[in-house]
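Structure record follows, encoded as structure tokens.
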Amino acid sequence: MKKTVAFGVAAVMLAGVAACSKSGSTASTPPASEAPTASIATPATPAPAVAPAPAPVAAPAAATPTPASVLKLDIKNASGGDVYGDPTSGKAVFQQCMTCHTTQAGVNKVGPSLHGVIGRHSGMIPGFNYSTANKGSGKVWTEQELYVYLKDPQKEVPGTYMTFTGVKDDQKRADVIAYLQENTK
């Protein structure tokens, strides 16, 4: 800490000298007999140069997907803009869905298999016990429909058996849809 403070004081003193020389004024040192008694003493030897501390290195942003992994989805956000999702980040979001769902074809759990979900009609996996509300919703699970539904399933299909409260974060919803797009074909 002392080195940093010493460096800061030296820098301020040098800045003051530089400002005086730029303004054209010249500073002269009065003879010792004329020097004021309350003056600031200047060190006889220059202070050793202290290198400034290195700038901290920023950690890579985990939430920023790399361009190669980002998918433009067939989704418009509330203001009409395009939505992009990162399947790698979506895999982490999907962990909460795995309690009830799988991406494997023909494997149902408490919830239906999500294999081939994008483009599928709601309530159409043979032998799965869907709610009447879900079977009768008439929904086709497009990316846009999933984006809206996954925010608040009970609001979008009142009476659904899906008790999950939803993914409120818009980017996380987009990411999980990108994951489904890549992993449920």
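In the structure tokens, each chain is lettered A, B, ... as it comes, each chain's residues begin at 1, and ligands are numbered from 1 in order of appearance.
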
Leaving out Lys91 in chain A and any residue of its chain fewer than 4 positions from it, which residues lie within 12 Å of it when counting only C-alpha atoms, given as a count of residues only? 22

Tell me which protein, DNA and RNA residues are within 9 Å of range 157-170 of chain A, counting only C-alpha atoms, leaving out same-chain ones fewer than 5 positions away, and put them as a ChimeraX atom specification. /A:77,93,97,111,130-134,137,147,149-152,175

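Secondary structure of range 51-161 of chain A, strand (DSSP E) only (DSSP, backbone atoms): A:Leu71, A:Lys72, A:Leu73, A:Asp74, A:Ile75, A:Lys76, A:Asp82, A:Val83, A:Tyr84, A:Gly85.
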
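For range 123-126 of chain A, the non-local neighbours within 9 Å, defined as residues at least 6 positions apart in the same chain or in other chains and counting only C-alpha atoms, are Gly106, Pro112, Ser113, Thr132, Asn134, Lys135, Gly136, Ser137, Gly138 and Lys139 of chain A.
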
Kindly export the residues of the current selection with N, CA and C atoms, as an mmCIF file, in the first residue's frame.
data_model
loop_
_atom_site.group_PDB
_atom_site.id
_atom_site.type_symbol
_atom_site.label_atom_id
_atom_site.label_comp_id
_atom_site.auth_asym_id
_atom_site.auth_seq_id
_atom_site.Cartn_x
_atom_site.Cartn_y
_atom_site.Cartn_z
ATOM 1 N N GLY A 106 -39.488 -42.051 -26.852
ATOM 2 C CA GLY A 106 -40.241 -43.163 -26.296
ATOM 3 C C GLY A 106 -40.104 -43.363 -24.796
ATOM 4 N N PRO A 112 -44.152 -36.047 -20.315
ATOM 5 C CA PRO A 112 -43.856 -36.769 -21.555
ATOM 6 C C PRO A 112 -42.426 -36.537 -22.033
ATOM 7 N N SER A 113 -41.954 -37.461 -22.866
ATOM 8 C CA SER A 113 -40.662 -37.289 -23.519
ATOM 9 C C SER A 113 -40.708 -36.007 -24.340
ATOM 10 N N THR A 132 -56.841 -33.044 -19.608
ATOM 11 C CA THR A 132 -57.837 -32.666 -20.613
ATOM 12 C C THR A 132 -57.501 -31.291 -21.178
ATOM 13 N N ASN A 134 -54.544 -29.909 -21.518
ATOM 14 C CA ASN A 134 -53.405 -29.986 -22.430
ATOM 15 C C ASN A 134 -53.814 -30.623 -23.753
ATOM 16 N N LYS A 135 -54.559 -31.717 -23.690
ATOM 17 C CA LYS A 135 -55.013 -32.376 -24.928
ATOM 18 C C LYS A 135 -55.903 -31.447 -25.744
ATOM 19 N N GLY A 136 -56.710 -30.652 -25.063
ATOM 20 C CA GLY A 136 -57.661 -29.789 -25.760
ATOM 21 C C GLY A 136 -57.136 -28.394 -26.073
ATOM 22 N N SER A 137 -55.879 -28.127 -25.773
ATOM 23 C CA SER A 137 -55.356 -26.762 -25.965
ATOM 24 C C SER A 137 -55.183 -26.389 -27.436
ATOM 25 N N GLY A 138 -55.021 -27.391 -28.290
ATOM 26 C CA GLY A 138 -54.827 -27.104 -29.712
ATOM 27 C C GLY A 138 -53.460 -26.512 -30.031
ATOM 28 N N LYS A 139 -52.548 -26.526 -29.075
ATOM 29 C CA LYS A 139 -51.225 -25.926 -29.286
ATOM 30 C C LYS A 139 -50.335 -26.811 -30.149
#

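Here CA of Gln171 in chain A and CA of Ile118 in chain A stand 18.2 Å from one another.
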
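In this model, the gap between CA of Gly90 in chain A and CA of Val140 in chain A comes to 21.2 Å.
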
Which residues in range 66-174 of chain A does DSSP call helix (DSSP H, G or I)? List them as a PyMOL selection string. chain A and resi 67-69+87-94+132-135+143-149+153-156+170-174

Go ahead and compute the interatomic distance for CA of Thr88 in chain A and CA of Ser69 in chain A, in Å to one decimal. 7.3 Å
